[in-house]
>>> print(open('start-v7.cif').read())   # mmCIF, C-alpha atoms and all ligand atoms
data_start
#
loop_
_atom_site.group_PDB
_atom_site.id
_atom_site.type_symbol
_atom_site.label_atom_id
_atom_site.label_comp_id
_atom_site.auth_asym_id
_atom_site.auth_seq_id
_atom_site.Cartn_x
_atom_site.Cartn_y
_atom_site.Cartn_z
ATOM 1 C CA MET A 1 -55.744 -25.396 -2.730
ATOM 2 C CA THR A 2 -54.890 -28.582 -4.686
ATOM 3 C CA ALA A 3 -52.108 -26.780 -6.565
ATOM 4 C CA GLU A 4 -50.609 -25.502 -3.316
ATOM 5 C CA ILE A 5 -50.785 -28.968 -1.737
ATOM 6 C CA ASP A 6 -48.969 -30.409 -4.776
ATOM 7 C CA GLN A 7 -46.337 -27.672 -4.616
ATOM 8 C CA ALA A 8 -45.745 -28.264 -0.893
ATOM 9 C CA ARG A 9 -45.619 -32.030 -1.389
ATOM 10 C CA SER A 10 -43.005 -31.657 -4.081
ATOM 11 C CA LEU A 11 -40.871 -29.286 -1.943
ATOM 12 C CA VAL A 12 -40.841 -31.629 1.071
ATOM 13 C CA ALA A 13 -40.305 -34.744 -1.063
ATOM 14 C CA GLN A 14 -37.079 -33.182 -2.407
ATOM 15 C CA ALA A 15 -35.878 -31.957 0.991
ATOM 16 C CA LYS A 16 -32.832 -33.647 2.509
ATOM 17 C CA ARG A 17 -32.732 -31.590 5.731
ATOM 18 C CA PRO A 18 -36.248 -30.293 6.430
ATOM 19 C CA VAL A 19 -37.025 -28.361 9.595
ATOM 20 C CA PHE A 20 -40.500 -28.295 11.097
ATOM 21 C CA PHE A 21 -41.144 -25.337 13.375
ATOM 22 C CA THR A 22 -44.295 -25.898 15.410
ATOM 23 C CA GLY A 23 -46.564 -24.070 17.817
ATOM 24 C CA ALA A 24 -49.746 -24.662 19.759
ATOM 25 C CA GLY A 25 -51.822 -25.122 16.579
ATOM 26 C CA MET A 26 -49.928 -28.383 16.007
ATOM 27 C CA SER A 27 -51.643 -29.928 19.040
ATOM 28 C CA ALA A 28 -54.960 -28.078 18.755
ATOM 29 C CA ASP A 29 -56.523 -31.011 16.889
ATOM 30 C CA SER A 30 -55.396 -33.310 19.712
ATOM 31 C CA GLY A 31 -57.639 -31.271 22.015
ATOM 32 C CA VAL A 32 -54.898 -29.185 23.668
ATOM 33 C CA PRO A 33 -56.023 -25.519 23.746
ATOM 34 C CA THR A 34 -53.781 -22.915 22.098
ATOM 35 C CA PHE A 35 -52.629 -19.850 24.045
ATOM 36 C CA ARG A 36 -54.819 -17.411 22.180
ATOM 37 C CA ASP A 37 -57.908 -19.664 22.678
ATOM 38 C CA ALA A 38 -60.157 -18.765 25.579
ATOM 39 C CA LEU A 39 -60.020 -21.378 28.331
ATOM 40 C CA THR A 40 -63.168 -23.134 29.450
ATOM 41 C CA GLY A 41 -64.772 -24.103 32.749
ATOM 42 C CA LEU A 42 -63.081 -22.985 35.949
ATOM 43 C CA TRP A 43 -60.317 -21.322 33.975
ATOM 44 C CA ALA A 44 -62.535 -19.282 31.648
ATOM 45 C CA LYS A 45 -61.804 -16.051 33.478
ATOM 46 C CA TYR A 46 -58.017 -16.386 33.196
ATOM 47 C CA ASP A 47 -55.729 -15.455 30.318
ATOM 48 C CA PRO A 48 -53.226 -18.318 29.883
ATOM 49 C CA LEU A 49 -50.554 -15.852 28.821
ATOM 50 C CA GLN A 50 -50.937 -13.946 32.101
ATOM 51 C CA LEU A 51 -50.439 -17.168 34.067
ATOM 52 C CA ALA A 52 -47.334 -18.259 32.147
ATOM 53 C CA THR A 53 -45.075 -15.780 33.938
ATOM 54 C CA GLY A 54 -42.705 -15.711 36.893
ATOM 55 C CA GLU A 55 -44.579 -12.695 38.240
ATOM 56 C CA ALA A 56 -47.835 -14.662 38.386
ATOM 57 C CA PHE A 57 -46.036 -17.542 40.141
ATOM 58 C CA ALA A 58 -44.502 -15.168 42.703
ATOM 59 C CA ARG A 59 -47.873 -13.498 43.317
ATOM 60 C CA ASP A 60 -49.970 -16.650 43.543
ATOM 61 C CA PRO A 61 -47.966 -19.886 43.331
ATOM 62 C CA GLU A 62 -50.958 -22.078 44.162
ATOM 63 C CA LEU A 63 -53.067 -20.611 41.343
ATOM 64 C CA VAL A 64 -50.285 -21.010 38.785
ATOM 65 C CA TRP A 65 -49.450 -24.553 39.989
ATOM 66 C CA ASN A 66 -53.102 -25.547 39.702
ATOM 67 C CA PHE A 67 -53.243 -24.051 36.194
ATOM 68 C CA TYR A 68 -50.337 -26.317 35.208
ATOM 69 C CA GLU A 69 -51.946 -29.319 36.952
ATOM 70 C CA TYR A 70 -55.076 -28.665 34.882
ATOM 71 C CA ARG A 71 -53.056 -28.510 31.658
ATOM 72 C CA ARG A 72 -51.076 -31.635 32.606
ATOM 73 C CA GLY A 73 -54.408 -33.414 32.923
ATOM 74 C CA ILE A 74 -55.265 -32.396 29.351
ATOM 75 C CA VAL A 75 -51.868 -33.510 28.023
ATOM 76 C CA ARG A 76 -52.222 -36.899 29.784
ATOM 77 C CA LYS A 77 -55.739 -37.385 28.447
ATOM 78 C CA CYS A 78 -55.045 -36.343 24.829
ATOM 79 C CA ALA A 79 -52.586 -37.861 22.359
ATOM 80 C CA PRO A 80 -50.563 -36.984 19.250
ATOM 81 C CA ASN A 81 -52.793 -36.426 16.196
ATOM 82 C CA ALA A 82 -52.525 -37.383 12.518
ATOM 83 C CA GLY A 83 -50.199 -34.407 11.905
ATOM 84 C CA HIS A 84 -47.688 -35.568 14.545
ATOM 85 C CA HIS A 85 -47.855 -39.120 13.185
ATOM 86 C CA ALA A 86 -47.314 -37.958 9.590
ATOM 87 C CA MET A 87 -44.226 -36.021 10.689
ATOM 88 C CA ALA A 88 -42.844 -39.025 12.585
ATOM 89 C CA ALA A 89 -43.466 -41.366 9.617
ATOM 90 C CA PHE A 90 -41.716 -38.880 7.317
ATOM 91 C CA GLU A 91 -38.645 -39.050 9.572
ATOM 92 C CA GLN A 92 -38.473 -42.851 9.141
ATOM 93 C CA GLN A 93 -37.717 -42.461 5.441
ATOM 94 C CA GLU A 94 -34.169 -43.091 4.256
ATOM 95 C CA GLY A 95 -31.797 -40.303 3.270
ATOM 96 C CA ARG A 96 -33.334 -37.460 5.179
ATOM 97 C CA LEU A 97 -32.471 -35.642 8.421
ATOM 98 C CA VAL A 98 -35.635 -34.232 9.966
ATOM 99 C CA THR A 99 -35.401 -31.665 12.769
ATOM 100 C CA VAL A 100 -38.463 -30.640 14.723
ATOM 101 C CA ILE A 101 -38.181 -27.347 16.562
ATOM 102 C CA THR A 102 -41.181 -26.908 18.801
ATOM 103 C CA GLN A 103 -42.503 -24.257 21.124
ATOM 104 C CA ASN A 104 -44.883 -26.837 22.551
ATOM 105 C CA VAL A 105 -44.367 -28.313 25.988
ATOM 106 C CA ASP A 106 -46.612 -31.369 25.573
ATOM 107 C CA GLY A 107 -43.952 -33.810 24.332
ATOM 108 C CA TYR A 108 -46.242 -35.100 21.559
ATOM 109 C CA HIS A 109 -43.597 -34.973 18.818
ATOM 110 C CA GLN A 110 -41.359 -37.308 20.833
ATOM 111 C CA LEU A 111 -44.338 -39.490 21.736
ATOM 112 C CA ALA A 112 -45.239 -39.811 18.051
ATOM 113 C CA GLY A 113 -41.671 -40.921 17.313
ATOM 114 C CA ASN A 114 -39.624 -37.911 16.184
ATOM 115 C CA ARG A 115 -36.134 -38.404 17.589
ATOM 116 C CA LEU A 116 -34.728 -34.933 17.011
ATOM 117 C CA ALA A 117 -37.199 -32.608 18.726
ATOM 118 C CA LEU A 118 -35.763 -29.375 20.102
ATOM 119 C CA CYS A 119 -38.170 -28.144 22.776
ATOM 120 C CA LEU A 120 -37.598 -24.400 23.058
ATOM 121 C CA HIS A 121 -40.042 -23.804 25.911
ATOM 122 C CA GLY A 122 -39.427 -26.905 28.046
ATOM 123 C CA ASN A 123 -41.649 -29.803 29.043
ATOM 124 C CA ILE A 124 -44.838 -29.441 31.043
ATOM 125 C CA MET A 125 -44.602 -33.031 32.320
ATOM 126 C CA GLU A 126 -41.455 -32.198 34.293
ATOM 127 C CA ASP A 127 -40.743 -30.211 37.472
ATOM 128 C CA ARG A 128 -37.677 -28.435 38.752
ATOM 129 C CA CYS A 129 -36.746 -26.359 41.790
ATOM 130 C CA HIS A 130 -37.742 -22.726 41.341
ATOM 131 C CA CYS A 131 -34.399 -21.610 42.771
ATOM 132 C CA GLY A 132 -32.196 -23.672 40.528
ATOM 133 C CA CYS A 133 -31.286 -26.799 42.524
ATOM 134 C CA PRO A 134 -29.949 -29.175 39.883
ATOM 135 C CA GLY A 135 -32.252 -31.810 38.467
ATOM 136 C CA VAL A 136 -35.419 -32.161 36.472
ATOM 137 C CA PHE A 137 -38.040 -34.609 37.712
ATOM 138 C CA PRO A 138 -41.107 -36.230 36.178
ATOM 139 C CA ALA A 139 -44.176 -34.222 37.188
ATOM 140 C CA THR A 140 -45.740 -35.599 40.322
ATOM 141 C CA GLU A 141 -49.030 -34.651 41.855
ATOM 142 C CA PRO A 142 -48.576 -33.258 45.396
ATOM 143 C CA CYS A 143 -49.279 -35.885 48.078
ATOM 144 C CA GLU A 144 -52.167 -35.522 50.522
ATOM 145 C CA GLY A 145 -51.306 -32.831 53.092
ATOM 146 C CA GLU A 146 -48.309 -31.579 51.090
ATOM 147 C CA PRO A 147 -48.219 -27.847 50.274
ATOM 148 C CA VAL A 148 -49.136 -26.679 46.769
ATOM 149 C CA PRO A 149 -46.755 -26.223 45.026
ATOM 150 C CA PRO A 150 -44.673 -28.965 46.675
ATOM 151 C CA ILE A 151 -41.428 -28.047 48.474
ATOM 152 C CA CYS A 152 -38.185 -28.967 46.708
ATOM 153 C CA ARG A 153 -36.841 -32.139 48.289
ATOM 154 C CA THR A 154 -33.233 -31.138 47.521
ATOM 155 C CA CYS A 155 -33.060 -27.772 49.314
ATOM 156 C CA GLY A 156 -36.197 -28.233 51.458
ATOM 157 C CA TYR A 157 -36.745 -24.525 51.092
ATOM 158 C CA ARG A 158 -38.016 -23.342 47.712
ATOM 159 C CA THR A 159 -40.980 -24.738 45.841
ATOM 160 C CA MET A 160 -41.034 -26.826 42.716
ATOM 161 C CA ARG A 161 -42.248 -25.334 39.437
ATOM 162 C CA PRO A 162 -43.024 -26.740 36.005
ATOM 163 C CA ASN A 163 -39.978 -27.138 33.760
ATOM 164 C CA VAL A 164 -41.177 -24.604 31.187
ATOM 165 C CA VAL A 165 -39.932 -21.208 30.001
ATOM 166 C CA TRP A 166 -42.022 -18.297 31.173
ATOM 167 C CA PHE A 167 -42.047 -14.767 29.699
ATOM 168 C CA GLY A 168 -38.944 -12.860 30.756
ATOM 169 C CA GLU A 169 -36.927 -16.068 31.233
ATOM 170 C CA MET A 170 -34.054 -17.164 29.035
ATOM 171 C CA LEU A 171 -34.432 -20.149 26.764
ATOM 172 C CA ASP A 172 -31.848 -22.928 27.142
ATOM 173 C CA GLU A 173 -28.972 -21.488 25.086
ATOM 174 C CA ALA A 174 -27.769 -24.932 23.938
ATOM 175 C CA VAL A 175 -31.224 -25.831 22.592
ATOM 176 C CA LEU A 176 -31.637 -22.448 20.901
ATOM 177 C CA SER A 177 -28.200 -22.698 19.342
ATOM 178 C CA LYS A 178 -28.955 -26.194 17.946
ATOM 179 C CA ALA A 179 -32.208 -24.817 16.560
ATOM 180 C CA ARG A 180 -30.384 -21.941 14.828
ATOM 181 C CA ASP A 181 -27.834 -24.388 13.380
ATOM 182 C CA ALA A 182 -30.660 -26.568 12.053
ATOM 183 C CA VAL A 183 -32.235 -23.537 10.358
ATOM 184 C CA HIS A 184 -28.899 -22.594 8.766
ATOM 185 C CA ASP A 185 -28.469 -26.175 7.501
ATOM 186 C CA CYS A 186 -32.041 -26.790 6.322
ATOM 187 C CA ASP A 187 -33.339 -26.745 2.762
ATOM 188 C CA VAL A 188 -37.035 -26.350 3.644
ATOM 189 C CA MET A 189 -38.767 -24.946 6.702
ATOM 190 C CA VAL A 190 -42.352 -25.981 7.414
ATOM 191 C CA VAL A 191 -43.999 -23.687 9.971
ATOM 192 C CA VAL A 192 -47.066 -25.188 11.622
ATOM 193 C CA GLY A 193 -49.644 -23.582 13.897
ATOM 194 C CA THR A 194 -47.877 -20.681 15.534
ATOM 195 C CA SER A 195 -49.001 -17.082 15.800
ATOM 196 C CA GLY A 196 -45.352 -16.027 15.397
ATOM 197 C CA VAL A 197 -45.391 -13.342 18.059
ATOM 198 C CA VAL A 198 -43.238 -14.885 20.791
ATOM 199 C CA TYR A 199 -39.491 -14.274 20.560
ATOM 200 C CA PRO A 200 -36.772 -15.497 20.334
ATOM 201 C CA ALA A 201 -38.628 -18.570 18.967
ATOM 202 C CA ALA A 202 -40.323 -16.621 16.151
ATOM 203 C CA GLY A 203 -36.878 -15.328 15.116
ATOM 204 C CA LEU A 204 -36.107 -18.815 13.785
ATOM 205 C CA ALA A 205 -38.724 -18.466 11.056
ATOM 206 C CA ASP A 206 -37.530 -14.903 10.363
ATOM 207 C CA LEU A 207 -34.027 -16.350 10.006
ATOM 208 C CA ALA A 208 -35.169 -19.023 7.540
ATOM 209 C CA LEU A 209 -36.750 -16.337 5.351
ATOM 210 C CA GLN A 210 -33.669 -14.092 5.601
ATOM 211 C CA LEU A 211 -31.510 -17.022 4.501
ATOM 212 C CA GLY A 212 -33.774 -17.620 1.512
ATOM 213 C CA LYS A 213 -34.900 -21.095 2.625
ATOM 214 C CA ARG A 214 -37.920 -22.653 0.943
ATOM 215 C CA PHE A 215 -40.768 -21.859 3.297
ATOM 216 C CA ILE A 216 -44.134 -23.580 3.782
ATOM 217 C CA GLU A 217 -46.708 -22.484 6.318
ATOM 218 C CA ILE A 218 -49.772 -24.344 7.633
ATOM 219 C CA ASN A 219 -52.244 -22.337 9.686
ATOM 220 C CA PRO A 220 -55.998 -21.625 9.443
ATOM 221 C CA GLU A 221 -55.189 -17.963 10.206
ATOM 222 C CA PRO A 222 -52.496 -15.867 8.504
ATOM 223 C CA SER A 223 -49.335 -15.154 10.495
ATOM 224 C CA PRO A 224 -46.601 -12.503 10.037
ATOM 225 C CA TRP A 225 -44.945 -14.882 7.510
ATOM 226 C CA SER A 226 -47.887 -16.008 5.375
ATOM 227 C CA ASP A 227 -47.341 -13.444 2.612
ATOM 228 C CA ALA A 228 -43.644 -14.240 2.348
ATOM 229 C CA ALA A 229 -44.086 -18.029 2.330
ATOM 230 C CA ASP A 230 -43.441 -19.979 -0.884
ATOM 231 C CA VAL A 231 -46.582 -21.917 -0.032
ATOM 232 C CA TYR A 232 -49.171 -20.872 2.526
ATOM 233 C CA LEU A 233 -51.656 -23.669 3.244
ATOM 234 C CA ARG A 234 -54.631 -22.201 5.002
ATOM 235 C CA GLY A 235 -55.987 -25.073 7.088
ATOM 236 C CA ARG A 236 -55.580 -27.442 9.997
ATOM 237 C CA SER A 237 -52.317 -29.227 10.656
ATOM 238 C CA SER A 238 -53.887 -32.663 11.255
ATOM 239 C CA GLU A 239 -55.554 -32.517 7.836
ATOM 240 C CA ILE A 240 -52.791 -30.918 5.773
ATOM 241 C CA LEU A 241 -49.614 -32.574 7.063
ATOM 242 C CA PRO A 242 -50.748 -36.110 6.075
ATOM 243 C CA GLN A 243 -51.466 -34.779 2.565
ATOM 244 C CA ILE A 244 -48.060 -33.180 1.987
ATOM 245 C CA LEU A 245 -45.736 -35.652 3.760
ATOM 246 C CA PRO A 246 -44.859 -38.873 1.992
ATOM 247 C CA GLY A 247 -45.455 -41.617 4.618
HETATM 248 C C1 LIG A 301 -53.768 -23.894 14.125
HETATM 249 C C2 LIG A 301 -54.795 -24.797 14.387
HETATM 250 C C3 LIG A 301 -54.758 -26.020 13.683
HETATM 251 C C4 LIG A 301 -55.110 -23.066 15.622
HETATM 252 N N1 LIG A 301 -53.759 -26.254 12.803
HETATM 253 N N2 LIG A 301 -52.797 -24.157 13.242
HETATM 254 C C5 LIG A 301 -38.575 -9.179 20.807
HETATM 255 C C6 LIG A 301 -39.631 -8.340 20.544
HETATM 256 C C7 LIG A 301 -40.678 -8.216 21.463
HETATM 257 C C8 LIG A 301 -40.684 -8.928 22.654
HETATM 258 C C9 LIG A 301 -39.633 -9.768 22.916
HETATM 259 C C10 LIG A 301 -38.601 -9.878 21.999
HETATM 260 N N3 LIG A 301 -37.694 -10.775 22.499
HETATM 261 C C11 LIG A 301 -38.159 -11.237 23.685
HETATM 262 C C12 LIG A 301 -39.334 -10.613 23.978
HETATM 263 C C13 LIG A 301 -40.154 -10.837 25.210
HETATM 264 C C14 LIG A 301 -41.010 -12.075 25.165
HETATM 265 C C15 LIG A 301 -41.938 -11.993 23.970
HETATM 266 O O1 LIG A 301 -41.734 -12.608 22.946
HETATM 267 N N4 LIG A 301 -43.006 -11.248 24.097
HETATM 268 C C16 LIG A 301 -43.984 -11.060 23.000
HETATM 269 C C17 LIG A 301 -45.300 -11.756 23.346
HETATM 270 C C18 LIG A 301 -44.173 -9.597 22.762
HETATM 271 N N5 LIG A 301 -40.194 -13.274 25.131
HETATM 272 C C19 LIG A 301 -39.708 -13.830 26.238
HETATM 273 O O2 LIG A 301 -39.911 -13.357 27.335
HETATM 274 C C20 LIG A 301 -38.840 -15.070 26.076
HETATM 275 N N6 LIG A 301 -37.609 -14.934 26.786
HETATM 276 C C21 LIG A 301 -36.687 -14.062 26.436
HETATM 277 O O3 LIG A 301 -36.818 -13.333 25.476
HETATM 278 O O4 LIG A 301 -35.568 -14.088 27.235
HETATM 279 C C22 LIG A 301 -34.622 -13.038 27.077
HETATM 280 C C23 LIG A 301 -35.027 -11.921 28.019
HETATM 281 C C24 LIG A 301 -34.998 -12.175 29.357
HETATM 282 C C25 LIG A 301 -35.324 -11.149 30.239
HETATM 283 C C26 LIG A 301 -35.722 -9.920 29.736
HETATM 284 C C27 LIG A 301 -35.777 -9.698 28.371
HETATM 285 C C28 LIG A 301 -35.420 -10.716 27.500
HETATM 286 C C29 LIG A 301 -39.521 -16.280 26.689
HETATM 287 C C30 LIG A 301 -40.762 -16.673 25.968
HETATM 288 C C31 LIG A 301 -41.414 -17.853 26.687
HETATM 289 C C32 LIG A 301 -42.785 -18.168 26.123
HETATM 290 N N7 LIG A 301 -43.428 -19.074 26.995
HETATM 291 C C33 LIG A 301 -44.744 -19.588 26.633
HETATM 292 C C34 LIG A 301 -45.289 -20.433 27.805
HETATM 293 C C35 LIG A 301 -44.574 -21.771 27.893
HETATM 294 C C36 LIG A 301 -45.023 -22.549 29.075
HETATM 295 C C37 LIG A 301 -46.465 -22.986 28.997
HETATM 296 O O5 LIG A 301 -46.824 -23.771 28.113
HETATM 297 O O6 LIG A 301 -47.236 -22.531 29.837
HETATM 298 O O7 LIG A 301 -44.654 -20.364 25.432
HETATM 299 S S1 LIG A 301 -45.907 -18.305 26.190
HETATM 300 C C38 LIG A 301 -46.702 -19.203 24.905
HETATM 301 O O8 LIG A 301 -46.453 -18.584 23.605
HETATM 302 C C39 LIG A 301 -45.978 -20.551 24.868
HETATM 303 C C40 LIG A 301 -45.916 -20.838 23.393
HETATM 304 O O9 LIG A 301 -44.906 -21.776 23.124
HETATM 305 C C41 LIG A 301 -45.653 -19.466 22.806
HETATM 306 C C42 LIG A 301 -46.026 -19.331 21.381
HETATM 307 O O10 LIG A 301 -47.401 -19.495 21.188
HETATM 308 P P1 LIG A 301 -47.935 -20.247 19.886
HETATM 309 O O11 LIG A 301 -47.433 -21.636 19.861
HETATM 310 O O12 LIG A 301 -47.648 -19.431 18.702
HETATM 311 O O13 LIG A 301 -49.502 -20.347 20.200
HETATM 312 P P2 LIG A 301 -50.662 -19.279 19.919
HETATM 313 O O14 LIG A 301 -51.804 -19.661 20.759
HETATM 314 O O15 LIG A 301 -50.156 -17.902 20.010
HETATM 315 O O16 LIG A 301 -51.027 -19.505 18.380
HETATM 316 C C43 LIG A 301 -51.648 -20.697 17.941
HETATM 317 C C44 LIG A 301 -51.662 -20.680 16.429
HETATM 318 O O17 LIG A 301 -52.184 -21.924 15.980
HETATM 319 C C45 LIG A 301 -52.550 -19.579 15.824
HETATM 320 O O18 LIG A 301 -51.835 -18.931 14.775
HETATM 321 C C46 LIG A 301 -53.745 -20.354 15.275
HETATM 322 O O19 LIG A 301 -54.312 -19.741 14.111
HETATM 323 C C47 LIG A 301 -53.112 -21.679 14.935
HETATM 324 N N8 LIG A 301 -54.008 -22.844 14.899
HETATM 325 N N9 LIG A 301 -55.640 -24.285 15.315
HETATM 326 C C48 LIG A 301 -52.835 -25.353 12.606
HETATM 327 N N10 LIG A 301 -55.745 -26.988 13.865
HETATM 328 ZN ZN ZN A 302 -34.397 -26.671 45.644
#
>>> encode(input="start-v7.cif", output="structure tokens")
Amino acid sequence: MTAEIDQARSLVAQAKRPVFFTGAGMSADSGVPTFRDALTGLWAKYDPLQLATGEAFARDPELVWNFYEYRRGIVRKCAPNAGHHAMAAFEQQEGRLVTVITQNVDGYHQLAGNRLALCLHGNIMEDRCHCGCPGVFPATEPCEGEPVPPICRTCGYRTMRPNVVWFGEMLDEAVLSKARDAVHDCDVMVVVGTSGVVYPAAGLADLALQLGKRFIEINPEPSPWSDAADVYLRGRSSEILPQILPG
């Protein structure tokens, strides 16, 4: 793998407008479970992908709210890892415009220091009204005696929900459009820790390949793009990113 690491390092060192496209594997080494990992403890019998839907929330809002409370606890307890920090340090270098496009909702890229992070699937540490009252609020734990999920304080009628994008919901068009522009403008795309099965997000990596962009992938398991990548680095993001990114 040394030759591949050298090749990837040389591609990113030359890049003026690199795009990093990240998924749950980016935060796996922080201790945040991926979607295709089995959950543990109380949640072992649930499939996270079945809970990340509007249908599940309509059927059992308390269950889904508690699932998000559990995951918020993990995000609060864990922290960005060496991969996030390497990416943030890379952005500090002169003469380069780094764009991070992430499917993750944990906010760790911003916490590590990346300024341009396009969050396609929202932010788990925020709430909004399920019926569309304006406003996004920092996640609060329901007060003693308050219903779960809490009632929206603006309309006093509908419940709050996490500010994330569930299956069947539209992504924020402005964010998606900025992400597409960044892919069009980039010289290298580095795809990190995503299974590449959730659209329209996965379409951004498809687009980079269609446009003939230099393409690096980091993942311990092959994805739909691994064969087409210029460099496929089979391994963990927290170990490989610090090796390929000049700090
Ligand atoms: C490591 C590692 C380490 C492990 N280092 N790597 C076209 C075709 C087919 C279907 C569709 C389509 N277009 C749209 C759809 C429908 C649907 C979809 O894509 N379905 C597919 C699953 C079939 N998409 C949608 O519904 C989207 N909306 C939409 O299309 O709107 C238009 C529309 C509206 C109405 C009707 C029809 C269309 C919305 C998608 C929203 C996804 N939301 C979630 C939940 C977010 C909130 C939350 O966090 O709870 O987003 S689902 C979940 O999947 C989450 C993730 O961001 C997303 C992607 O997962 P990711 O990041 O790839 O994680 P994993 O677990 O899958 O993979 C982890 C990877 O890491 C693995 O590869 C590991 O090997 C690797 N790894 N350790 C590096 N240390
Ligand atoms: Zn409301």
>>> atom_distance(input="start-v7.cif", atom1="CA of Asn123 in chain A", atom2="CA of Gln103 in chain A")
9.7 Å
>>> closest_residue(input="start-v7.cif", among="A:Gly73, A:Arg36, A:His130, A:Pro149", to="Gln50 in chain A", atoms="only C-alpha atoms")
A:Arg36
>>> residues_around(input="start-v7.cif", residues="Thr194 in chain A", least_positions_apart="6", cutoff="9 Å", atoms="only C-alpha atoms", output="list in words")
Phe21, Thr22, Gly23, Ala24, Gly25, Met26, Gln103, Ala202, Ile218, Asn219 and Ser223 of chain A
>>> closest_residue(input="start-v7.cif", among="A:Ala201, A:Cys129, A:Ala58, A:Ala28", to="ligand ZN 302 (chain A)", atoms="all atoms listed in the file")
A:Cys129
>>> closest_residue(input="start-v7.cif", among="A:Pro80, A:Gly235, A:Gly132, A:Gly54", to="ligand ZN 302 (chain A)", atoms="only C-alpha atoms and all ligand atoms")
A:Gly132
>>> residues_near_ligand(input="start-v7.cif", ligand="ligand ZN 302 (chain A)", cutoff="12 Å", atoms="all atoms listed in the file", output="number ranges by chain")
A: 127-137, 150-161
>>> write_last_selection(input="start-v7.cif", atoms="C-alpha atoms", output="compact mmCIF listing (two decimals), in the frame of the given file")
# COMPACT_ATOMS: atom_id res chain seq x y z
CA ASP A 127 -40.74 -30.21 37.47
CA ARG A 128 -37.68 -28.44 38.75
CA CYS A 129 -36.75 -26.36 41.79
CA HIS A 130 -37.74 -22.73 41.34
CA CYS A 131 -34.40 -21.61 42.77
CA GLY A 132 -32.20 -23.67 40.53
CA CYS A 133 -31.29 -26.80 42.52
CA PRO A 134 -29.95 -29.18 39.88
CA GLY A 135 -32.25 -31.81 38.47
CA VAL A 136 -35.42 -32.16 36.47
CA PHE A 137 -38.04 -34.61 37.71
CA PRO A 150 -44.67 -28.96 46.68
CA ILE A 151 -41.43 -28.05 48.47
CA CYS A 152 -38.18 -28.97 46.71
CA ARG A 153 -36.84 -32.14 48.29
CA THR A 154 -33.23 -31.14 47.52
CA CYS A 155 -33.06 -27.77 49.31
CA GLY A 156 -36.20 -28.23 51.46
CA TYR A 157 -36.74 -24.52 51.09
CA ARG A 158 -38.02 -23.34 47.71
CA THR A 159 -40.98 -24.74 45.84
CA MET A 160 -41.03 -26.83 42.72
CA ARG A 161 -42.25 -25.33 39.44
>>> closest_residue(input="start-v7.cif", among="A:Phe20, A:Tyr108, A:Phe35, A:Trp225", to="ligand LIG 301 (chain A)", atoms="only C-alpha atoms and all ligand atoms")
A:Phe35
>>> closest_residue(input="start-v7.cif", among="A:Gly193, A:Pro18, A:Gly107, A:Gly113", to="ligand LIG 301 (chain A)", atoms="all atoms listed in the file")
A:Gly193
>>> residues_around(input="start-v7.cif", residues="Ala229 in chain A", least_positions_apart="3", cutoff="12 Å", atoms="all atoms listed in the file", output="list in words")
Glu4, Ala8, Val188, Met189, Val190, Val191, Ala205, Asp206, Ala208, Leu209, Gln210, Gly212, Lys213, Arg214, Phe215, Ile216, Glu217, Ile218, Asn219, Pro222, Ser223, Pro224, Trp225, Ser226, Tyr232, Leu233 and Arg234 of chain A
>>> resolve_selection(input="start-v7.cif", expression="the PyMOL selection byres (((chain A and resi 184) around 9) and not hetatm)", output="list in words")
Ala179, Arg180, Asp181, Ala182, Val183, Asp185, Cys186, Asp187, Leu207, Ala208, Leu211 and Lys213 of chain A
>>> resolve_selection(input="start-v7.cif", expression="the PyMOL selection byres (((chain A and resi 112) around 10) and not hetatm)", output="PyMOL selection string")
chain A and resi 79-89+107-111+113-115
>>> atom_distance(input="start-v7.cif", atom1="atom C15 of ligand LIG 301 (chain A)", atom2="CA of Asp227 in chain A")
22.1 Å
>>> closest_residue(input="start-v7.cif", among="A:Gly168, A:Gly145, A:Gly31, A:Pro138", to="ligand LIG 301 (chain A)", atoms="all atoms listed in the file")
A:Gly168
>>> atom_distance(input="start-v7.cif", atom1="CA of Asp47 in chain A", atom2="CA of Pro147 in chain A")
24.7 Å
>>> resolve_selection(input="start-v7.cif", expression="the PyMOL selection byres (((chain A and resi 165) around 6) and not hetatm)", output="list in words")
His121, Val164 and Trp166 of chain A
